[in-house]
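Engineer: My structure is below; once you've seen it, I'll send some questions.
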2 protein chains.
Amino acid sequence: MKKINVGRKILSENEKYAFENVLFFHKHKKLCLNMISSPGSGKTTILIRTINELKDKIKIGVIEGDIQTDIDARRIKATKAPVVQINTDGACHLTAPQISAALEKLPVDDLDMIFIENVGNLVCPSDFDLGENGKVVVLSVAEGDDKPAKYPGIFAKSRVLLINKIDLLGAGTQVDFDIERAKDDARKLNKDIEIFPLSAKTGEGLAAWCDWLIKSAQNPASGFTA
Amino acid sequence: MKKINVGRKILSENEKYAFENVLFFHKHKKLCLNMISSPGSGKTTILIRTINELKDKIKIGVIEGDIQTDIDARRIKATKAPVVQINTDGACHLTAPQISAALEKLPVDDLDMIFIENVGNLVCPSDFDLGENGKVVVLSVAEGDDKPAKYPGIFAKSRVLLINKIDLLGAGTQVDFDIERAKDDARKLNKDIEIFPLSAKTGEGLAAWCDWLIKSAQNPASGFTA
């Protein structure tokens, strides 16, 4: 991809590529969401369920970030969605140059939107702009309702909070999680954050998230900050 | 604490302090374990349960690492164990200089061992030697059994793997986790890793972990690599 001079003198390598990616998404009118969470919050399962649910409505491509293995990319591939795997080989976050290179391998013109699944890490990925239209933070109820207060950075910067695995809150399980506490703490950090409690396993709550995605994919630039 | 020249020319600031800490633990004959996991795996709950269980057998002090808040330190304090809180203010891991400073605030002579609870992050803390006698990685069954394969660094470097929240594996829950798969993958990376499946909530499996701790606190240097 050609480098574009965006007129600022001192930019980090990551910022330069992030700005290129912003212009790329703008030019191609594609929504790009950067999904961030701890390991095991259910990012991949949410993506698979979302892709299948929206199959006849919007075409989704995925950039998969993992330290090692292509376990997640193979799971996404089973949905028939186009997917590009990035292995960071130990690094704790994806970078904008990696996204720039991955975009060249995706059939972008055939897609309505692109999900980036970042490395499982609730801290570092929030500091690296990939040029996305918005960040989506995923928190599983098994992780505890104190996480927005304890890891404020990513909740402050995200456009959407998905509270996953709400199926674990049913009677007879040992998971304590106060959804209202998590919502309140997230909104104290970020009053505009959209919050969808859901279970990627049972499908509960998925419809509201999918409706939001359809609307946002139709008008990628509105309401987002990168 | 006085700086000690350990004879190597080029050491990072972190390494210098890590070596000081190694010598400190050696001199004071104290076991120090560095606990690492994703956010919400249950590190604090395991510590509380362990401290209470071992109250009459070994005296435990805690260094609590968090990006923000003293939620965890306050929970530990309720057990009456001495605790020092470190807030990293955004940083994704603890450093050896922070541990060195915290040790000055702990009544080390009254303790048998020290736990460091690192920032919730399965990636970065594994790259920073704190001078500990060993790392303890915690994986909750809610995170999935593929985590040793996907985040190999910390599993390769840890002395102990605690597989927590096994109470969620009972009938009627939605959690799929193959303990044998996780064990096999961890042992492929690290044939000597000690593995204790347990539930900090119900206490199941805790006895074996506590026995191991008592034995290790009596002989802190044996069998550990920093």
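Residue names in the structure tokens use chain letters A, B, ... in the order shown, residue numbers from 1 in each chain, and ligand numbers from 1 in the order shown.
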Need to verify the contact set: B:Gly131, 10 Å, only C-alpha atoms, exclusion of same-chain residues closer than 5 positions in sequence. Can you return it as a CSV table (one decimal) with N, CA and C atoms, in the first residue's frame?

Structural biologist:
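part_36.csv written:
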chain,number,residue,atom,x,y,z
B,14,ASN,N,15.6,-3.4,35.0
B,14,ASN,CA,14.8,-4.4,35.7
B,14,ASN,C,15.6,-5.6,36.1
B,15,GLU,N,16.6,-6.0,35.3
B,15,GLU,CA,17.4,-7.1,35.7
B,15,GLU,C,18.2,-6.8,36.9
B,16,LYS,N,18.7,-5.6,37.0
B,16,LYS,CA,19.5,-5.2,38.2
B,16,LYS,C,18.7,-5.4,39.4
B,17,TYR,N,17.5,-4.9,39.4
B,17,TYR,CA,16.7,-5.0,40.6
B,17,TYR,C,16.2,-6.5,40.8
B,18,ALA,N,16.0,-7.2,39.8
B,18,ALA,CA,15.6,-8.6,39.9
B,18,ALA,C,16.6,-9.4,40.6
B,19,PHE,N,17.9,-9.1,40.3
B,19,PHE,CA,19.0,-9.8,40.9
B,19,PHE,C,19.1,-9.4,42.4
B,20,GLU,N,18.9,-8.2,42.7
B,20,GLU,CA,18.8,-7.7,44.1
B,20,GLU,C,17.8,-8.5,44.8
B,21,ASN,N,16.6,-8.6,44.2
B,21,ASN,CA,15.5,-9.3,44.9
B,21,ASN,C,15.8,-10.8,45.1
B,22,VAL,N,16.5,-11.4,44.1
B,22,VAL,CA,16.9,-12.8,44.2
B,22,VAL,C,17.7,-13.0,45.5
B,23,LEU,N,18.7,-12.1,45.6
B,23,LEU,CA,19.6,-12.1,46.7
B,23,LEU,C,18.9,-11.9,48.1
B,24,PHE,N,17.9,-10.9,48.0
B,24,PHE,CA,17.1,-10.6,49.2
B,24,PHE,C,16.4,-11.9,49.7
B,25,PHE,N,15.7,-12.6,48.7
B,25,PHE,CA,14.9,-13.7,49.1
B,25,PHE,C,15.8,-14.8,49.6
B,32,CYS,N,9.3,-16.7,47.4
B,32,CYS,CA,8.5,-15.7,46.8
B,32,CYS,C,7.9,-16.3,45.5
B,33,LEU,N,6.6,-16.2,45.4
B,33,LEU,CA,5.9,-16.7,44.2
B,33,LEU,C,5.2,-15.6,43.4
B,34,ASN,N,5.4,-15.5,42.1
B,34,ASN,CA,4.8,-14.5,41.3
B,34,ASN,C,3.6,-15.1,40.5
B,95,THR,N,7.2,-4.5,37.8
B,95,THR,CA,8.7,-4.5,37.5
B,95,THR,C,9.4,-4.8,38.8
B,96,ALA,N,10.7,-5.2,38.6
B,96,ALA,CA,11.5,-5.6,39.8
B,96,ALA,C,11.8,-4.4,40.7
B,99,ILE,N,8.9,-4.2,43.1
B,99,ILE,CA,8.9,-5.2,44.1
B,99,ILE,C,10.0,-4.9,45.2
B,100,SER,N,11.1,-4.4,44.8
B,100,SER,CA,12.2,-4.0,45.7
B,100,SER,C,11.7,-3.0,46.7
B,225,THR,N,13.2,-22.2,39.5
B,225,THR,CA,14.0,-21.3,38.6
B,225,THR,C,13.3,-20.0,38.6
B,226,ALA,N,14.1,-18.9,38.6
B,226,ALA,CA,13.4,-17.6,38.7
B,226,ALA,C,12.9,-17.2,37.3

Engineer: Quick one: DSSP helix (DSSP H, G or I) residues in stretch 101-207 of chain A, as a PyMOL selection string?

Structural biologist: chain A and resi 101-103+108-110+124-127+141-143+147-150+152-157+166-169+179-189+206-207

Engineer: Residues of chain B within 7 Å of chain A, counting only C-alpha atoms, what are they? List them as a ChimeraX atom specification.

Structural biologist: /B:38-41,67-69,92,121,123-124,142-144,150-151,168,173-174

Engineer: Could the residues in this selection be saved with C-alpha atoms as a PDB file, in the first residue's frame?

Structural biologist:
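Full text of out.pdb as output:
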ATOM      1  CA  SER B  38      -5.663 -13.059  32.810  1.00  0.00           C
ATOM      2  CA  PRO B  39      -7.971 -10.631  34.590  1.00  0.00           C
ATOM      3  CA  GLY B  40     -10.653 -12.506  36.511  1.00  0.00           C
ATOM      4  CA  SER B  41      -9.035 -15.949  36.693  1.00  0.00           C
ATOM      5  CA  ILE B  67      -3.370  -0.925  37.133  1.00  0.00           C
ATOM      6  CA  GLN B  68      -5.771   1.070  39.276  1.00  0.00           C
ATOM      7  CA  THR B  69      -7.793   0.699  42.500  1.00  0.00           C
ATOM      8  CA  CYS B  92       0.614  -3.910  31.989  1.00  0.00           C
ATOM      9  CA  ASN B 121      -2.385 -10.137  31.873  1.00  0.00           C
ATOM     10  CA  VAL B 123       1.252 -12.136  28.196  1.00  0.00           C
ATOM     11  CA  CYS B 124       3.511  -9.287  29.335  1.00  0.00           C
ATOM     12  CA  ALA B 142     -14.140 -20.408  31.909  1.00  0.00           C
ATOM     13  CA  GLU B 143     -11.228 -19.223  29.737  1.00  0.00           C
ATOM     14  CA  GLY B 144     -11.014 -22.422  27.708  1.00  0.00           C
ATOM     15  CA  LYS B 150      -2.307 -20.130  22.456  1.00  0.00           C
ATOM     16  CA  TYR B 151      -0.305 -18.322  25.171  1.00  0.00           C
ATOM     17  CA  LEU B 168     -18.092 -24.537  36.932  1.00  0.00           C
ATOM     18  CA  THR B 173     -23.340 -25.491  33.462  1.00  0.00           C
ATOM     19  CA  GLN B 174     -22.320 -24.385  29.992  1.00  0.00           C
TER      20      GLN B 174
END

Engineer: Fit chain A to chain B, all Cα atoms paired in order, least squares. Then write it as a compact mmCIF listing (two decimals) with C-alpha atoms, in the first residue's frame.

Structural biologist:
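Everything below was put into result_1.txt:
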# COMPACT_ATOMS: atom_id res chain seq x y z
CA MET A 1 18.02 -1.10 49.56
CA LYS A 2 21.72 -1.05 48.69
CA LYS A 3 22.57 -1.84 45.08
CA ILE A 4 24.70 -4.93 44.66
CA ASN A 5 27.16 -5.37 41.82
CA VAL A 6 26.53 -8.81 40.39
CA GLY A 7 29.42 -8.67 37.97
CA ARG A 8 27.74 -8.44 34.57
CA LYS A 9 28.39 -5.38 32.51
CA ILE A 10 25.15 -4.79 30.66
CA LEU A 11 22.01 -5.28 32.68
CA SER A 12 18.68 -3.63 32.21
CA GLU A 13 17.32 -1.64 35.11
CA ASN A 14 14.77 -4.40 35.68
CA GLU A 15 17.41 -7.15 35.70
CA LYS A 16 19.53 -5.23 38.21
CA TYR A 17 16.67 -5.02 40.66
CA ALA A 18 15.55 -8.59 39.93
CA PHE A 19 19.02 -9.81 40.91
CA GLU A 20 18.85 -7.74 44.09
CA ASN A 21 15.49 -9.31 44.88
CA VAL A 22 16.86 -12.83 44.26
CA LEU A 23 19.62 -12.14 46.77
CA PHE A 24 17.13 -10.63 49.21
CA PHE A 25 14.91 -13.74 49.15
CA HIS A 26 17.98 -15.98 49.41
CA LYS A 27 19.41 -14.07 52.38
CA HIS A 28 16.09 -13.98 54.22
CA LYS A 29 15.26 -17.60 53.26
CA LYS A 30 11.81 -16.62 52.04
CA LEU A 31 9.83 -18.24 49.29
CA CYS A 32 8.46 -15.71 46.80
CA LEU A 33 5.92 -16.72 44.15
CA ASN A 34 4.82 -14.48 41.29
CA MET A 35 1.17 -15.15 40.40
CA ILE A 36 0.21 -14.42 36.81
CA SER A 37 -3.07 -14.81 34.92
CA SER A 38 -5.67 -13.05 32.80
CA PRO A 39 -7.97 -10.63 34.60
CA GLY A 40 -10.66 -12.50 36.51
CA SER A 41 -9.03 -15.94 36.70
CA GLY A 42 -9.36 -15.80 40.47
CA LYS A 43 -5.87 -14.89 41.72
CA THR A 44 -7.14 -12.82 44.65
CA THR A 45 -9.78 -15.36 45.65
CA ILE A 46 -7.17 -18.15 45.56
CA LEU A 47 -4.85 -16.05 47.74
CA ILE A 48 -7.57 -15.31 50.30
CA ARG A 49 -8.61 -18.95 50.52
CA THR A 50 -4.96 -20.10 50.74
CA ILE A 51 -4.06 -17.56 53.44
CA ASN A 52 -7.07 -18.58 55.55
CA GLU A 53 -6.41 -22.28 55.03
CA LEU A 54 -2.74 -21.99 56.06
CA LYS A 55 -3.24 -19.36 58.79
CA ASP A 56 -1.88 -21.63 61.58
CA LYS A 57 0.87 -23.17 59.46
CA ILE A 58 2.66 -20.52 57.42
CA LYS A 59 2.57 -16.73 57.49
CA ILE A 60 1.97 -15.21 54.08
CA GLY A 61 2.55 -11.62 52.94
CA VAL A 62 1.20 -10.23 49.69
CA ILE A 63 2.33 -7.64 47.16
CA GLU A 64 -0.72 -6.64 45.11
CA GLY A 65 -0.24 -5.29 41.59
CA ASP A 66 -3.10 -3.49 39.87
CA ILE A 67 -3.37 -0.92 37.13
CA GLN A 68 -5.79 1.06 39.26
CA THR A 69 -7.81 0.72 42.50
CA ASP A 70 -7.00 -1.06 45.77
CA ILE A 71 -10.01 -3.42 45.52
CA ASP A 72 -7.80 -6.52 45.72
CA ALA A 73 -5.54 -5.23 48.51
CA ARG A 74 -8.61 -4.45 50.62
CA ARG A 75 -9.89 -7.99 50.08
CA ILE A 76 -6.52 -9.43 51.15
CA LYS A 77 -6.35 -7.09 54.16
CA ALA A 78 -9.57 -8.61 55.49
CA THR A 79 -7.62 -11.86 56.07
CA LYS A 80 -5.21 -9.90 58.33
CA ALA A 81 -2.25 -10.85 56.12
CA PRO A 82 0.22 -8.00 55.55
CA VAL A 83 -0.30 -6.51 52.09
CA VAL A 84 1.34 -3.75 50.03
CA GLN A 85 -0.53 -2.30 47.05
CA ILE A 86 1.30 -1.24 43.88
CA ASN A 87 -0.68 0.72 41.28
CA THR A 88 1.02 0.64 37.90
CA ASP A 89 -1.09 3.51 36.58
CA GLY A 90 -1.70 1.96 33.19
CA ALA A 91 1.35 -0.29 32.90
CA CYS A 92 0.61 -3.90 32.00
CA HIS A 93 3.04 -5.66 34.36
CA LEU A 94 4.96 -5.26 37.61
CA THR A 95 8.68 -4.49 37.56
CA ALA A 96 11.53 -5.59 39.82
CA PRO A 97 12.18 -2.05 41.17
CA GLN A 98 8.53 -1.89 42.29
CA ILE A 99 8.93 -5.21 44.14
CA SER A 100 12.17 -4.03 45.73
CA ALA A 101 10.39 -0.94 47.09
CA ALA A 102 7.37 -2.96 48.25
CA LEU A 103 9.58 -5.42 50.16
CA GLU A 104 10.75 -2.57 52.37
CA LYS A 105 7.15 -2.05 53.49
CA LEU A 106 6.45 -5.69 54.36
CA PRO A 107 7.34 -7.18 57.79
CA VAL A 108 9.47 -9.76 56.01
CA ASP A 109 11.05 -11.26 59.14
CA ASP A 110 7.60 -12.21 60.45
CA LEU A 111 6.65 -14.00 57.23
CA ASP A 112 7.30 -17.46 55.83
CA MET A 113 6.58 -16.53 52.27
CA ILE A 114 5.50 -13.73 49.93
CA PHE A 115 3.02 -13.83 47.08
CA ILE A 116 3.21 -11.26 44.33
CA GLU A 117 -0.14 -10.87 42.56
CA ASN A 118 0.80 -9.46 39.18
CA VAL A 119 -1.39 -7.28 36.95
CA GLY A 120 -4.07 -9.35 35.20
CA ASN A 121 -2.38 -10.13 31.88
CA LEU A 122 -1.41 -13.52 30.51
CA VAL A 123 1.27 -12.13 28.21
CA CYS A 124 3.52 -9.27 29.35
CA PRO A 125 4.25 -10.12 33.02
CA SER A 126 5.93 -13.36 31.93
CA ASP A 127 8.73 -11.32 30.33
CA PHE A 128 9.69 -9.41 33.48
CA ASP A 129 11.79 -11.23 36.06
CA LEU A 130 10.90 -9.92 39.53
CA GLY A 131 13.53 -12.05 41.26
CA GLU A 132 10.89 -14.52 42.48
CA ASN A 133 11.58 -18.19 43.23
CA GLY A 134 8.89 -19.27 40.82
CA LYS A 135 5.91 -18.21 38.76
CA VAL A 136 2.40 -19.55 39.35
CA VAL A 137 0.08 -19.27 36.35
CA VAL A 138 -3.66 -19.39 37.01
CA LEU A 139 -6.12 -20.45 34.31
CA SER A 140 -9.84 -20.51 34.99
CA VAL A 141 -11.87 -23.18 33.21
CA ALA A 142 -14.14 -20.41 31.91
CA GLU A 143 -11.21 -19.21 29.74
CA GLY A 144 -11.00 -22.42 27.70
CA ASP A 145 -8.61 -25.37 27.52
CA ASP A 146 -6.78 -24.01 24.44
CA LYS A 147 -4.94 -21.31 26.42
CA PRO A 148 -1.64 -23.18 27.06
CA ALA A 149 -1.30 -23.69 23.28
CA LYS A 150 -2.28 -20.12 22.46
CA TYR A 151 -0.29 -18.32 25.17
CA PRO A 152 2.72 -20.63 25.55
CA GLY A 153 5.19 -18.15 27.09
CA ILE A 154 3.84 -18.09 30.62
CA PHE A 155 3.06 -21.84 30.73
CA ALA A 156 6.62 -22.62 29.62
CA LYS A 157 8.08 -20.43 32.38
CA SER A 158 5.85 -21.32 35.34
CA ARG A 159 6.64 -23.66 38.19
CA VAL A 160 2.95 -24.24 38.94
CA LEU A 161 -0.32 -24.18 36.99
CA LEU A 162 -3.50 -23.71 38.99
CA ILE A 163 -6.62 -24.65 36.99
CA ASN A 164 -9.27 -22.65 38.87
CA LYS A 165 -13.08 -22.58 38.99
CA ILE A 166 -13.48 -26.34 38.50
CA ASP A 167 -16.85 -25.91 40.27
CA LEU A 168 -18.08 -24.54 36.92
CA LEU A 169 -17.52 -27.95 35.31
CA GLY A 170 -20.42 -29.63 37.10
CA ALA A 171 -23.52 -30.87 35.34
CA GLY A 172 -25.95 -28.17 34.31
CA THR A 173 -23.33 -25.55 33.45
CA GLN A 174 -22.31 -24.42 29.98
CA VAL A 175 -18.54 -24.54 30.50
CA ASP A 176 -16.61 -26.98 28.29
CA PHE A 177 -13.05 -27.48 29.46
CA ASP A 178 -10.98 -30.61 28.98
CA ILE A 179 -8.61 -30.66 31.97
CA GLU A 180 -6.49 -33.40 30.37
CA ARG A 181 -6.01 -31.35 27.19
CA ALA A 182 -4.88 -28.31 29.20
CA LYS A 183 -2.53 -30.48 31.28
CA ASP A 184 -1.05 -32.20 28.22
CA ASP A 185 -0.49 -28.91 26.39
CA ALA A 186 1.10 -27.31 29.47
CA ARG A 187 3.40 -30.33 29.97
CA LYS A 188 4.46 -30.25 26.32
CA LEU A 189 5.77 -26.75 27.00
CA ASN A 190 7.12 -27.51 30.46
CA LYS A 191 7.49 -31.11 31.54
CA ASP A 192 8.13 -30.25 35.20
CA ILE A 193 5.16 -27.97 35.76
CA GLU A 194 3.11 -28.85 38.87
CA ILE A 195 -0.61 -28.77 38.09
CA PHE A 196 -3.38 -28.37 40.66
CA PRO A 197 -7.02 -28.22 39.48
CA LEU A 198 -9.04 -26.51 42.20
CA SER A 199 -11.96 -24.29 43.08
CA ALA A 200 -11.12 -21.33 45.28
CA LYS A 201 -14.85 -20.95 45.81
CA THR A 202 -15.77 -24.42 47.06
CA GLY A 203 -12.31 -25.40 48.33
CA GLU A 204 -12.17 -28.53 46.16
CA GLY A 205 -8.58 -29.44 45.29
CA LEU A 206 -7.13 -26.81 47.60
CA ALA A 207 -5.43 -29.28 49.97
CA ALA A 208 -2.89 -30.54 47.42
CA TRP A 209 -1.89 -26.96 46.49
CA CYS A 210 -1.56 -26.00 50.19
CA ASP A 211 0.57 -29.07 50.93
CA TRP A 212 2.87 -28.15 48.07
CA LEU A 213 3.13 -24.59 49.42
CA ILE A 214 4.00 -25.72 52.95
CA LYS A 215 6.73 -28.00 51.60
CA SER A 216 8.08 -25.30 49.30
CA ALA A 217 8.06 -22.59 51.98
CA GLN A 218 10.19 -24.85 54.20
CA ASN A 219 12.80 -25.15 51.50
CA PRO A 220 12.40 -22.08 49.30
CA ALA A 221 15.37 -22.60 46.99
CA SER A 222 14.80 -26.19 45.97
CA GLY A 223 13.41 -26.91 42.57
CA PHE A 224 12.77 -23.36 41.57
CA THR A 225 13.96 -21.32 38.69
CA ALA A 226 13.36 -17.61 38.72

Engineer: Based on the backbone DSSP call, show me all residues of stretch 28-157 of chain A assigned strand (DSSP E), as an MDAnalysis selection string.

Structural biologist: chainID A and resid 31:36 60:66 83:87 113:117 134:140

Engineer: Could you write out the selected residues, including C-alpha atoms, as an mmCIF file, in the first residue's frame?

Structural biologist:
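Contents of the output file part.cif:
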data_model
loop_
_atom_site.group_PDB
_atom_site.id
_atom_site.type_symbol
_atom_site.label_atom_id
_atom_site.label_comp_id
_atom_site.auth_asym_id
_atom_site.auth_seq_id
_atom_site.Cartn_x
_atom_site.Cartn_y
_atom_site.Cartn_z
ATOM 1 C CA LEU A 31 -16.750 -0.517 8.959
ATOM 2 C CA CYS A 32 -13.795 -1.923 10.891
ATOM 3 C CA LEU A 33 -14.130 -2.948 14.539
ATOM 4 C CA ASN A 34 -11.199 -3.906 16.766
ATOM 5 C CA MET A 35 -12.257 -6.566 19.289
ATOM 6 C CA ILE A 36 -10.302 -6.595 22.535
ATOM 7 C CA ILE A 60 -17.998 -9.984 7.331
ATOM 8 C CA GLY A 61 -14.244 -10.503 6.954
ATOM 9 C CA VAL A 62 -11.945 -11.235 9.876
ATOM 10 C CA ILE A 63 -8.333 -10.473 10.761
ATOM 11 C CA GLU A 64 -7.295 -12.892 13.510
ATOM 12 C CA GLY A 65 -4.499 -11.928 15.886
ATOM 13 C CA ASP A 66 -2.852 -14.592 18.031
ATOM 14 C CA VAL A 83 -10.084 -14.695 7.349
ATOM 15 C CA VAL A 84 -6.411 -13.694 7.561
ATOM 16 C CA GLN A 85 -4.298 -14.978 10.453
ATOM 17 C CA ILE A 86 -1.586 -12.829 12.040
ATOM 18 C CA ASN A 87 0.783 -14.514 14.504
ATOM 19 C CA MET A 113 -17.294 -4.909 7.297
ATOM 20 C CA ILE A 114 -14.100 -6.204 8.900
ATOM 21 C CA PHE A 115 -13.548 -7.478 12.414
ATOM 22 C CA ILE A 116 -10.076 -7.461 13.895
ATOM 23 C CA GLU A 117 -9.756 -9.991 16.714
ATOM 24 C CA GLY A 134 -14.228 1.623 16.881
ATOM 25 C CA LYS A 135 -13.112 -0.753 19.590
ATOM 26 C CA VAL A 136 -15.358 -3.486 20.998
ATOM 27 C CA VAL A 137 -14.366 -4.707 24.456
ATOM 28 C CA VAL A 138 -15.623 -8.126 25.538
ATOM 29 C CA LEU A 139 -15.969 -9.050 29.210
ATOM 30 C CA SER A 140 -17.176 -12.486 30.249
#
